[in-house]
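One file, entry22.tsv, is given below (TSV, C-alpha atoms).
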chain	number	residue	atom	x	y	z
A	1	MET	CA	-14.56	39.50	-4.29
A	2	ALA	CA	-15.43	38.01	-7.67
A	3	TYR	CA	-12.58	36.28	-9.47
A	4	HIS	CA	-11.45	37.64	-12.82
A	5	ALA	CA	-8.72	35.69	-14.60
A	6	ASP	CA	-5.47	37.43	-15.48
A	7	GLU	CA	-5.92	38.98	-18.90
A	8	ASN	CA	-2.33	38.12	-19.82
A	9	ARG	CA	-2.57	34.44	-18.87
A	10	TYR	CA	-2.09	33.10	-22.39
A	11	GLU	CA	1.07	35.15	-22.86
A	12	LYS	CA	2.64	33.38	-19.89
A	13	MET	CA	2.21	29.80	-21.12
A	14	ARG	CA	3.15	27.76	-24.18
A	15	TYR	CA	0.85	25.14	-25.68
A	16	ALA	CA	1.50	22.02	-27.74
A	17	ARG	CA	-0.69	19.86	-29.95
A	18	THR	CA	-1.58	16.54	-28.38
A	19	GLY	CA	-0.41	13.86	-30.79
A	20	ASN	CA	-2.06	14.30	-34.18
A	21	SER	CA	-5.21	15.83	-32.68
A	22	GLY	CA	-6.32	19.42	-32.82
A	23	LEU	CA	-6.27	19.69	-29.03
A	24	LYS	CA	-3.51	21.76	-27.48
A	25	LEU	CA	-2.37	21.30	-23.89
A	26	PRO	CA	-0.32	23.72	-21.82
A	27	LEU	CA	3.28	22.57	-21.41
A	28	VAL	CA	2.57	22.55	-17.67
A	29	SER	CA	-0.66	21.00	-16.33
A	30	LEU	CA	-1.96	20.81	-12.76
A	31	GLY	CA	-2.59	17.41	-11.20
A	32	LEU	CA	-4.95	17.02	-8.25
A	33	TRP	CA	-3.54	13.71	-7.00
A	34	HIS	CA	-2.42	15.24	-3.69
A	35	ASN	CA	-3.63	18.17	-1.56
A	36	PHE	CA	-7.23	18.18	-2.82
A	37	GLY	CA	-8.71	15.69	-0.35
A	38	LYS	CA	-11.11	16.01	2.55
A	39	LEU	CA	-8.33	16.93	5.02
A	40	ASP	CA	-7.04	19.85	2.95
A	41	SER	CA	-8.02	23.51	3.01
A	42	PHE	CA	-10.65	24.27	0.38
A	43	GLU	CA	-9.62	27.91	0.27
A	44	ASN	CA	-6.06	26.84	-0.58
A	45	MET	CA	-7.31	24.45	-3.29
A	46	ASN	CA	-9.45	27.18	-4.80
A	47	GLN	CA	-6.60	29.68	-4.73
A	48	MET	CA	-4.20	27.18	-6.33
A	49	CYS	CA	-6.61	26.56	-9.21
A	50	ARG	CA	-7.06	30.29	-9.70
A	51	THR	CA	-3.30	30.80	-9.64
A	52	ALA	CA	-2.78	28.00	-12.14
A	53	PHE	CA	-5.29	29.47	-14.57
A	54	ASP	CA	-3.78	32.93	-14.14
A	55	CYS	CA	-0.47	31.36	-15.22
A	56	GLY	CA	-2.09	30.00	-18.39
A	57	ILE	CA	-2.47	26.45	-17.05
A	58	THR	CA	-5.72	25.34	-18.64
A	59	HIS	CA	-5.51	21.61	-17.92
A	60	PHE	CA	-6.63	20.12	-14.58
A	61	ASP	CA	-6.07	16.38	-14.16
A	62	LEU	CA	-8.04	14.17	-11.77
A	63	ALA	CA	-9.03	10.54	-11.22
A	64	ASN	CA	-12.00	8.89	-9.57
A	65	ASN	CA	-9.99	7.71	-6.56
A	66	TYR	CA	-8.00	10.87	-5.77
A	67	GLY	CA	-8.58	11.94	-2.19
A	68	PRO	CA	-8.58	11.01	0.56
A	69	ASP	CA	-11.28	9.75	0.62
A	70	ALA	CA	-11.69	8.39	-2.90
A	71	GLY	CA	-13.75	10.90	-4.87
A	72	ALA	CA	-12.93	13.84	-2.60
A	73	ALA	CA	-10.69	15.59	-5.12
A	74	GLU	CA	-13.41	15.49	-7.76
A	75	SER	CA	-16.00	16.75	-5.29
A	76	ASN	CA	-13.77	19.62	-4.23
A	77	PHE	CA	-12.86	20.46	-7.79
A	78	GLY	CA	-16.56	20.39	-8.63
A	79	LYS	CA	-17.09	23.27	-6.21
A	80	ILE	CA	-14.25	25.18	-7.85
A	81	ILE	CA	-15.28	24.59	-11.46
A	82	ASN	CA	-18.85	25.55	-10.62
A	83	GLY	CA	-17.66	28.55	-8.62
A	84	ASP	CA	-14.78	30.83	-9.56
A	85	LEU	CA	-13.90	28.99	-12.76
A	86	LYS	CA	-17.43	28.47	-14.08
A	87	PRO	CA	-17.30	31.38	-16.58
A	88	TYR	CA	-14.16	29.84	-18.08
A	89	ARG	CA	-15.32	26.25	-18.64
A	90	ASP	CA	-14.81	26.44	-22.41
A	91	GLU	CA	-11.20	27.52	-21.83
A	92	LEU	CA	-10.42	24.53	-19.61
A	93	ILE	CA	-9.32	20.94	-20.22
A	94	ILE	CA	-10.58	18.67	-17.44
A	95	SER	CA	-9.57	15.03	-17.35
A	96	THR	CA	-10.40	12.12	-15.10
A	97	LYS	CA	-9.63	8.40	-14.99
A	98	ALA	CA	-10.91	5.02	-13.85
A	99	GLY	CA	-9.03	1.79	-13.43
A	100	TYR	CA	-7.87	1.43	-9.83
A	101	TYR	CA	-9.99	0.37	-6.84
A	102	MET	CA	-12.92	2.71	-6.26
A	103	TRP	CA	-15.74	0.81	-4.54
A	104	PRO	CA	-16.29	-2.66	-3.02
A	105	GLY	CA	-17.19	-5.72	-5.05
A	106	PRO	CA	-16.23	-7.03	-8.47
A	107	TYR	CA	-17.43	-3.95	-10.39
A	108	GLY	CA	-15.42	-1.21	-8.65
A	109	ASP	CA	-11.98	-1.88	-10.08
A	110	GLY	CA	-10.17	-2.89	-13.27
A	111	GLY	CA	-11.17	-2.36	-16.87
A	112	SER	CA	-14.65	-3.76	-17.41
A	113	ARG	CA	-17.17	-1.83	-19.43
A	114	LYS	CA	-19.48	-1.74	-16.42
A	115	TYR	CA	-16.86	-0.26	-14.12
A	116	LEU	CA	-15.47	2.33	-16.53
A	117	LEU	CA	-18.82	3.76	-17.63
A	118	ALA	CA	-20.32	3.70	-14.14
A	119	SER	CA	-17.22	5.45	-12.81
A	120	LEU	CA	-17.41	8.16	-15.43
A	121	ASP	CA	-21.04	8.85	-14.56
A	122	ALA	CA	-20.10	9.12	-10.87
A	123	SER	CA	-17.16	11.41	-11.67
A	124	LEU	CA	-19.36	13.75	-13.69
A	125	LYS	CA	-21.88	13.85	-10.86
A	126	ARG	CA	-19.21	14.66	-8.27
A	127	MET	CA	-17.82	17.47	-10.42
A	128	GLY	CA	-21.21	18.75	-11.57
A	129	LEU	CA	-20.17	18.54	-15.22
A	130	GLU	CA	-21.89	17.36	-18.38
A	131	TYR	CA	-18.63	16.12	-19.87
A	132	VAL	CA	-14.89	15.83	-19.30
A	133	ASP	CA	-12.41	16.68	-22.01
A	134	ILE	CA	-10.30	13.53	-21.58
A	135	PHE	CA	-11.36	10.22	-20.03
A	136	TYR	CA	-8.57	7.75	-19.30
A	137	HIS	CA	-8.37	4.08	-18.56
A	138	HIS	CA	-6.02	4.39	-15.60
A	139	ARG	CA	-4.08	1.13	-15.98
A	140	MET	CA	-3.81	-2.06	-17.98
A	141	ASP	CA	-6.11	-4.80	-16.66
A	142	PRO	CA	-4.93	-8.34	-17.46
A	143	GLU	CA	-8.32	-9.78	-16.45
A	144	THR	CA	-10.32	-7.77	-19.00
A	145	PRO	CA	-9.96	-8.01	-22.79
A	146	LEU	CA	-8.33	-4.86	-24.07
A	147	GLU	CA	-11.09	-4.56	-26.67
A	148	GLU	CA	-13.70	-4.30	-23.91
A	149	SER	CA	-11.90	-1.47	-22.12
A	150	MET	CA	-11.31	0.42	-25.36
A	151	MET	CA	-14.94	-0.02	-26.43
A	152	ALA	CA	-15.96	1.51	-23.11
A	153	LEU	CA	-13.77	4.54	-23.82
A	154	SER	CA	-15.32	4.79	-27.27
A	155	THR	CA	-18.81	4.67	-25.78
A	156	ALA	CA	-17.87	7.43	-23.33
A	157	VAL	CA	-16.79	9.66	-26.21
A	158	LYS	CA	-19.69	8.85	-28.52
A	159	SER	CA	-22.16	9.50	-25.70
A	160	GLY	CA	-20.78	13.03	-25.34
A	161	LYS	CA	-19.61	12.43	-21.77
A	162	ALA	CA	-15.98	12.75	-22.87
A	163	LEU	CA	-14.42	14.52	-25.83
A	164	TYR	CA	-11.25	12.45	-26.12
A	165	ALA	CA	-10.00	9.07	-24.91
A	166	GLY	CA	-6.72	8.44	-23.14
A	167	ILE	CA	-4.82	5.65	-21.43
A	168	SER	CA	-2.49	5.75	-18.45
A	169	ASN	CA	0.31	3.47	-17.28
A	170	TYR	CA	0.17	1.48	-20.54
A	171	ASP	CA	3.45	0.12	-21.91
A	172	ARG	CA	4.48	0.49	-25.54
A	173	ALA	CA	3.05	-2.84	-26.72
A	174	HIS	CA	-0.38	-2.30	-25.17
A	175	THR	CA	-0.42	1.33	-26.30
A	176	ALA	CA	0.04	0.17	-29.88
A	177	GLN	CA	-2.81	-2.34	-29.51
A	178	ALA	CA	-5.09	0.21	-27.86
A	179	MET	CA	-4.41	2.74	-30.61
A	180	GLU	CA	-5.29	0.21	-33.30
A	181	ILE	CA	-8.57	-0.75	-31.63
A	182	LEU	CA	-9.63	2.85	-31.07
A	183	LYS	CA	-8.70	3.74	-34.63
A	184	GLU	CA	-11.04	1.02	-35.90
A	185	LEU	CA	-13.74	2.35	-33.58
A	186	LYS	CA	-13.13	5.86	-34.96
A	187	CYS	CA	-12.66	7.09	-31.40
A	188	PRO	CA	-10.40	10.15	-30.92
A	189	PHE	CA	-7.61	8.65	-28.84
A	190	ILE	CA	-4.94	11.27	-28.15
A	191	ILE	CA	-2.75	10.62	-25.10
A	192	ASN	CA	-0.93	8.25	-22.74
A	193	GLN	CA	-0.24	9.45	-19.19
A	194	SER	CA	3.01	7.95	-17.97
A	195	SER	CA	5.45	8.24	-15.11
A	196	TYR	CA	8.62	9.95	-16.30
A	197	SER	CA	11.46	11.78	-14.62
A	198	ILE	CA	15.23	12.16	-14.65
A	199	PHE	CA	15.30	9.17	-12.28
A	200	ASN	CA	12.58	7.11	-14.01
A	201	ARG	CA	13.12	6.62	-17.73
A	202	ALA	CA	11.03	3.52	-18.27
A	203	ILE	CA	9.15	5.07	-21.20
A	204	GLU	CA	12.48	5.52	-22.94
A	205	THR	CA	13.83	2.01	-22.32
A	206	ASP	CA	10.45	0.47	-23.16
A	207	GLY	CA	10.35	2.45	-26.39
A	208	LEU	CA	7.00	4.09	-25.58
A	209	LYS	CA	8.27	7.67	-25.83
A	210	PRO	CA	9.71	7.45	-29.38
A	211	PHE	CA	6.82	5.21	-30.48
A	212	ALA	CA	4.26	7.79	-29.30
A	213	ALA	CA	6.08	10.63	-31.03
A	214	LYS	CA	6.27	8.69	-34.29
A	215	ASN	CA	2.66	7.53	-34.24
A	216	GLY	CA	0.80	10.67	-33.21
A	217	CYS	CA	0.14	9.84	-29.56
A	218	GLY	CA	0.58	12.55	-26.97
A	219	ILE	CA	2.46	11.89	-23.73
A	220	ILE	CA	1.77	13.66	-20.45
A	221	ALA	CA	4.28	12.93	-17.69
A	222	PHE	CA	3.31	12.41	-14.06
A	223	SER	CA	5.65	12.22	-11.05
A	224	PRO	CA	8.24	14.36	-12.89
A	225	LEU	CA	9.86	15.29	-9.58
A	226	ALA	CA	10.11	11.66	-8.41
A	227	GLN	CA	7.62	12.29	-5.59
A	228	GLY	CA	9.55	15.34	-4.44
A	229	LEU	CA	13.01	13.80	-4.56
A	230	LEU	CA	14.02	16.11	-7.41
A	231	THR	CA	13.52	19.24	-5.31
A	232	ASP	CA	15.65	21.10	-2.81
A	233	ARG	CA	13.92	19.34	0.09
A	234	TYR	CA	16.29	16.38	0.02
A	235	LEU	CA	19.62	18.15	-0.52
A	236	LYS	CA	20.76	17.51	3.03
A	237	ASP	CA	18.63	14.73	4.46
A	238	ILE	CA	15.03	13.49	4.67
A	239	PRO	CA	12.88	16.26	6.25
A	240	ALA	CA	10.53	15.23	9.03
A	241	ASP	CA	7.54	16.73	7.20
A	242	SER	CA	8.44	15.29	3.79
A	243	ARG	CA	6.25	12.93	1.77
A	244	ALA	CA	8.78	10.16	2.35
A	245	ARG	CA	8.29	10.47	6.14
A	246	LYS	CA	4.55	11.18	6.17
A	247	ASP	CA	3.36	8.82	3.44
A	248	GLY	CA	6.01	6.35	2.36
A	249	ARG	CA	3.87	4.54	-0.21
A	250	PHE	CA	5.58	5.94	-3.28
A	251	LEU	CA	8.81	7.31	-1.83
A	252	ARG	CA	10.25	5.22	0.98
A	253	PRO	CA	12.88	6.62	3.39
A	254	GLU	CA	15.00	3.48	3.03
A	255	ASN	CA	15.28	4.09	-0.70
A	256	ILE	CA	16.75	7.55	-0.19
A	257	THR	CA	20.29	6.30	0.25
A	258	PRO	CA	23.48	8.38	0.52
A	259	GLU	CA	24.16	7.47	-3.13
A	260	VAL	CA	20.74	8.83	-4.16
A	261	LEU	CA	21.30	12.04	-2.19
A	262	LYS	CA	24.69	12.41	-3.89
A	263	LYS	CA	22.93	12.30	-7.26
A	264	VAL	CA	20.35	14.87	-6.13
A	265	ARG	CA	23.09	17.25	-5.02
A	266	ALA	CA	24.97	16.84	-8.29
A	267	LEU	CA	21.82	17.58	-10.26
A	268	ASN	CA	21.18	20.63	-8.10
A	269	GLU	CA	24.57	22.04	-9.09
A	270	ILE	CA	23.68	21.63	-12.78
A	271	ALA	CA	20.38	23.41	-12.14
A	272	LYS	CA	22.20	26.31	-10.49
A	273	GLY	CA	24.34	26.64	-13.60
A	274	ARG	CA	21.16	26.97	-15.67
A	275	GLY	CA	19.74	29.60	-13.34
A	276	GLN	CA	16.97	27.25	-12.22
A	277	THR	CA	15.93	25.44	-9.09
A	278	LEU	CA	16.33	21.67	-9.15
A	279	ALA	CA	12.56	21.27	-9.53
A	280	GLN	CA	12.45	23.69	-12.43
A	281	MET	CA	15.27	21.90	-14.22
A	282	ALA	CA	13.67	18.49	-13.66
A	283	LEU	CA	10.42	19.74	-15.21
A	284	SER	CA	12.20	21.48	-18.08
A	285	TRP	CA	14.16	18.29	-18.82
A	286	ILE	CA	10.89	16.41	-19.42
A	287	LEU	CA	10.03	18.86	-22.20
A	288	ARG	CA	13.51	19.18	-23.68
A	289	ASP	CA	12.94	17.41	-27.02
A	290	GLY	CA	9.27	18.13	-27.75
A	291	GLU	CA	8.25	14.46	-27.53
A	292	VAL	CA	6.28	15.01	-24.30
A	293	THR	CA	3.18	17.17	-24.71
A	294	SER	CA	2.79	18.33	-21.12
A	295	VAL	CA	4.22	17.76	-17.67
A	296	LEU	CA	1.93	17.33	-14.66
A	297	ILE	CA	2.84	19.22	-11.53
A	298	GLY	CA	1.40	18.83	-8.07
A	299	ALA	CA	1.39	21.64	-5.53
A	300	SER	CA	0.53	22.45	-1.96
A	301	LYS	CA	0.82	26.22	-2.32
A	302	CYS	CA	0.43	28.86	-4.99
A	303	GLU	CA	4.08	29.88	-5.11
A	304	GLN	CA	5.05	26.39	-6.27
A	305	ILE	CA	2.67	26.71	-9.21
A	306	LYS	CA	4.09	30.08	-10.24
A	307	GLU	CA	7.66	28.79	-9.96
A	308	ASN	CA	6.95	25.66	-11.96
A	309	ALA	CA	4.91	27.39	-14.65
A	310	ALA	CA	7.85	29.69	-15.31
A	311	ILE	CA	9.87	26.84	-16.84
A	312	VAL	CA	8.15	27.19	-20.22
A	313	SER	CA	10.64	29.86	-21.26
A	314	HIS	CA	13.63	27.70	-20.37
A	315	THR	CA	13.20	24.17	-21.76
A	316	ASN	CA	16.23	24.10	-24.06
A	317	PHE	CA	19.24	22.04	-23.02
A	318	SER	CA	22.69	21.91	-24.56
A	319	ALA	CA	24.24	18.54	-25.39
A	320	GLU	CA	26.71	19.16	-22.56
A	321	GLU	CA	23.93	19.78	-20.04
A	322	CYS	CA	22.09	16.62	-21.10
A	323	ALA	CA	25.28	14.60	-20.77
A	324	ALA	CA	25.96	16.06	-17.33
A	325	ILE	CA	22.43	15.22	-16.18
A	326	ASP	CA	22.79	11.66	-17.50
A	327	ALA	CA	26.09	11.26	-15.67
A	328	ALA	CA	24.83	12.75	-12.41
A	329	SER	CA	21.69	10.60	-12.41
A	330	GLY	CA	23.45	7.37	-13.36
A	331	PHE	CA	22.18	7.10	-16.93
A	332	ALA	CA	25.41	7.82	-18.78
A	333	ASP	CA	26.34	5.34	-21.52
Just dump the structure as structure tokens.
Amino acid sequence: MAYHADENRYEKMRYARTGNSGLKLPLVSLGLWHNFGKLDSFENMNQMCRTAFDCGITHFDLANNYGPDAGAAESNFGKIINGDLKPYRDELIISTKAGYYMWPGPYGDGGSRKYLLASLDASLKRMGLEYVDIFYHHRMDPETPLEESMMALSTAVKSGKALYAGISNYDRAHTAQAMEILKELKCPFIINQSSYSIFNRAIETDGLKPFAAKNGCGIIAFSPLAQGLLTDRYLKDIPADSRARKDGRFLRPENITPEVLKKVRALNEIAKGRGQTLAQMALSWILRDGEVTSVLIGASKCEQIKENAAIVSHTNFSAEECAAIDAASGFAD
């Protein structure tokens, strides 16, 4: 049966301008970091993307090395964007990145002009697209001059292969430098993708979050649920089928201590008082002050997307709730 998007999709979502640009992103975006690789069900991937769009989620975030194997997520998404979602391409924001290891040898990693532009070409080929809406440098590269990486982003935009430039995992100091270079190049730089959650507030302590808000740079938060820790899955113990047990690269079982679980349970009680799940509250908290443009969610099933997209009507927090969350998570003054 042919797919027809929900006619009420834009009534379900809220959108925010990205920095000082004219581009608006949905408050909730879908990341394809996990569950879009070669071992996953394509039918489930396709259905999740359809569900996301039906919820008003217009932004789909990828990177060259998302898989497994590296490139698999882009290839799978290419089938989706050239299938069910093809009639809606002009309503979608598609982003990809390059910066981490992608192929063997000295030109498949880092921030060189050769790597970034070759990677973008390969990403477009895998997805069957003429352009992406946002192209990111995925991480700071100390071995490459920042000017070289930023000039590569500018070339990508001026060639028409990307509409906007972004950076990811850049600290405040390097963000400021990147913004200045791209401004001189007259390249539309709009966003920094950063890890941010109730448990990880590095962009606050580093000063990146207030700096970005003051200087017209959008922020999109990844890992807002601390790799699943800020969900109801860890309220009692570490489930056998959890990411911590199955993967362990980003969330290690030994780091989920009784003290951490105590914090998770305390936060869950605050969420109950707000009429939200712990995951919903954790996502809402990211958006509480309007300084973060969008929050990236991951999903393995459609119901998670629907649940998480519903937070857009409940992102306000009282001073008492914020203080309670700070205290429960160990960030009280």
- Message: Give me, as a list in words, all polymer residues having an atom no more than 8 Å from stretch 68-79 of chain A, counting all atoms listed in the file and skipping those fewer than 3 positions away in the same chain.
- Response: Leu32, Trp33, Phe36, Gly37, Lys38, Leu39, Phe42, Leu62, Ala63, Asn64, Asn65, Asn82, Gly83, Met102, Ser123, Arg126, Met127, Gly128 and Leu129 of chain A
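Minimum distance to A:Trp103 across A:Ser119, A:Glu7, A:Tyr164, A:Asp90 (counting all atoms listed in the file) occurs at A:Ser119.
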Let me have the centre and edge lengths in Å, one decimal, of the box along x, y and z around every listed atom of stretch 221-235 of chain A with 8 Å of margin on each side, as AutoDock Vina command-line options.
--center_x 11.5 --center_y 16.4 --center_z -8.8 --size_x 32.3 --size_y 25.4 --size_z 33.8
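Among the candidates A:Ser223, A:Asn169, A:Ser318, A:Gln280, the residue lying nearest to A:Phe199 is A:Ser223 (atoms considered: only C-alpha atoms).
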- What separation in Å, quoted to one decimal, exists between atom CA of A:Leu120 and atom CA of A:Pro188?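 Pair atom CA of A:Leu120 / atom CA of A:Pro188 returns 17.1 Å.
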- Item | Nearest to A:Arg233 by atom-to-atom distance, counting all atoms listed in the file, from A:Leu25, A:Val264, A:Ala324, A:Leu182 |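 Looking at the shortest contact to A:Arg233, the residue is A:Val264.
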Using the partial input, fill out stretch 192-225 of chain A with N, CA and C atoms; write the result as a short mmCIF file (atom, residue, chain, number, x, y, z; two decimals), in the frame of the given file.
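Here's the written file part_16.cif:
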data_model
loop_
_atom_site.label_atom_id
_atom_site.label_comp_id
_atom_site.auth_asym_id
_atom_site.auth_seq_id
_atom_site.Cartn_x
_atom_site.Cartn_y
_atom_site.Cartn_z
N ASN A 192 -1.30 9.24 -23.75
CA ASN A 192 -0.93 8.25 -22.74
C ASN A 192 -0.30 9.01 -21.58
N GLN A 193 -0.82 8.81 -20.37
CA GLN A 193 -0.24 9.45 -19.19
C GLN A 193 0.71 8.47 -18.52
N SER A 194 1.97 8.87 -18.42
CA SER A 194 3.01 7.95 -17.97
C SER A 194 3.93 8.59 -16.94
N SER A 195 4.45 7.78 -16.06
CA SER A 195 5.45 8.24 -15.11
C SER A 195 6.76 8.47 -15.84
N TYR A 196 7.39 9.62 -15.59
CA TYR A 196 8.62 9.95 -16.30
C TYR A 196 9.37 11.02 -15.53
N SER A 197 10.63 10.80 -15.30
CA SER A 197 11.46 11.78 -14.62
C SER A 197 12.93 11.50 -14.93
N ILE A 198 13.79 12.38 -14.49
CA ILE A 198 15.23 12.16 -14.65
C ILE A 198 15.64 10.83 -14.04
N PHE A 199 14.98 10.43 -12.96
CA PHE A 199 15.30 9.17 -12.28
C PHE A 199 14.50 7.98 -12.78
N ASN A 200 13.43 8.20 -13.51
CA ASN A 200 12.58 7.11 -14.01
C ASN A 200 12.39 7.27 -15.51
N ARG A 201 13.13 6.49 -16.28
CA ARG A 201 13.12 6.62 -17.73
C ARG A 201 12.54 5.39 -18.42
N ALA A 202 11.61 4.76 -17.74
CA ALA A 202 11.03 3.52 -18.27
C ALA A 202 10.40 3.71 -19.64
N ILE A 203 9.79 4.87 -19.90
CA ILE A 203 9.15 5.07 -21.20
C ILE A 203 10.17 5.26 -22.32
N GLU A 204 11.42 5.49 -21.94
CA GLU A 204 12.48 5.52 -22.94
C GLU A 204 12.99 4.11 -23.21
N THR A 205 13.29 3.37 -22.15
CA THR A 205 13.83 2.01 -22.32
C THR A 205 12.81 1.06 -22.92
N ASP A 206 11.53 1.28 -22.61
CA ASP A 206 10.45 0.47 -23.16
C ASP A 206 10.18 0.81 -24.63
N GLY A 207 10.58 2.00 -25.02
CA GLY A 207 10.35 2.45 -26.39
C GLY A 207 9.05 3.21 -26.57
N LEU A 208 8.29 3.41 -25.47
CA LEU A 208 7.00 4.09 -25.58
C LEU A 208 7.16 5.53 -26.06
N LYS A 209 8.13 6.24 -25.51
CA LYS A 209 8.27 7.67 -25.83
C LYS A 209 8.53 7.89 -27.32
N PRO A 210 9.52 7.25 -27.93
CA PRO A 210 9.71 7.45 -29.38
C PRO A 210 8.57 6.89 -30.21
N PHE A 211 7.96 5.78 -29.76
CA PHE A 211 6.82 5.21 -30.48
C PHE A 211 5.67 6.21 -30.53
N ALA A 212 5.37 6.83 -29.38
CA ALA A 212 4.26 7.79 -29.30
C ALA A 212 4.53 8.98 -30.22
N ALA A 213 5.75 9.48 -30.20
CA ALA A 213 6.08 10.63 -31.03
C ALA A 213 5.94 10.30 -32.51
N LYS A 214 6.32 9.10 -32.88
CA LYS A 214 6.27 8.69 -34.29
C LYS A 214 4.85 8.42 -34.75
N ASN A 215 3.98 7.99 -33.84
CA ASN A 215 2.66 7.53 -34.24
C ASN A 215 1.52 8.46 -33.81
N GLY A 216 1.84 9.68 -33.47
CA GLY A 216 0.80 10.67 -33.21
C GLY A 216 0.06 10.51 -31.91
N CYS A 217 0.75 9.99 -30.90
CA CYS A 217 0.14 9.84 -29.56
C CYS A 217 0.81 10.82 -28.61
N GLY A 218 0.02 11.63 -27.94
CA GLY A 218 0.58 12.55 -26.97
C GLY A 218 1.05 11.81 -25.73
N ILE A 219 2.00 12.41 -25.02
CA ILE A 219 2.46 11.89 -23.73
C ILE A 219 2.35 13.01 -22.71
N ILE A 220 1.75 12.72 -21.57
CA ILE A 220 1.77 13.66 -20.45
C ILE A 220 2.43 12.94 -19.29
N ALA A 221 3.44 13.57 -18.70
CA ALA A 221 4.28 12.93 -17.69
C ALA A 221 3.79 13.25 -16.29
N PHE A 222 3.60 12.18 -15.48
CA PHE A 222 3.31 12.41 -14.06
C PHE A 222 4.51 11.99 -13.22
N SER A 223 4.52 12.41 -11.98
CA SER A 223 5.65 12.22 -11.05
C SER A 223 6.96 12.68 -11.65
N PRO A 224 7.00 13.87 -12.27
CA PRO A 224 8.24 14.36 -12.89
C PRO A 224 9.31 14.74 -11.88
N LEU A 225 8.90 14.94 -10.63
CA LEU A 225 9.86 15.29 -9.58
C LEU A 225 10.16 14.10 -8.68
#
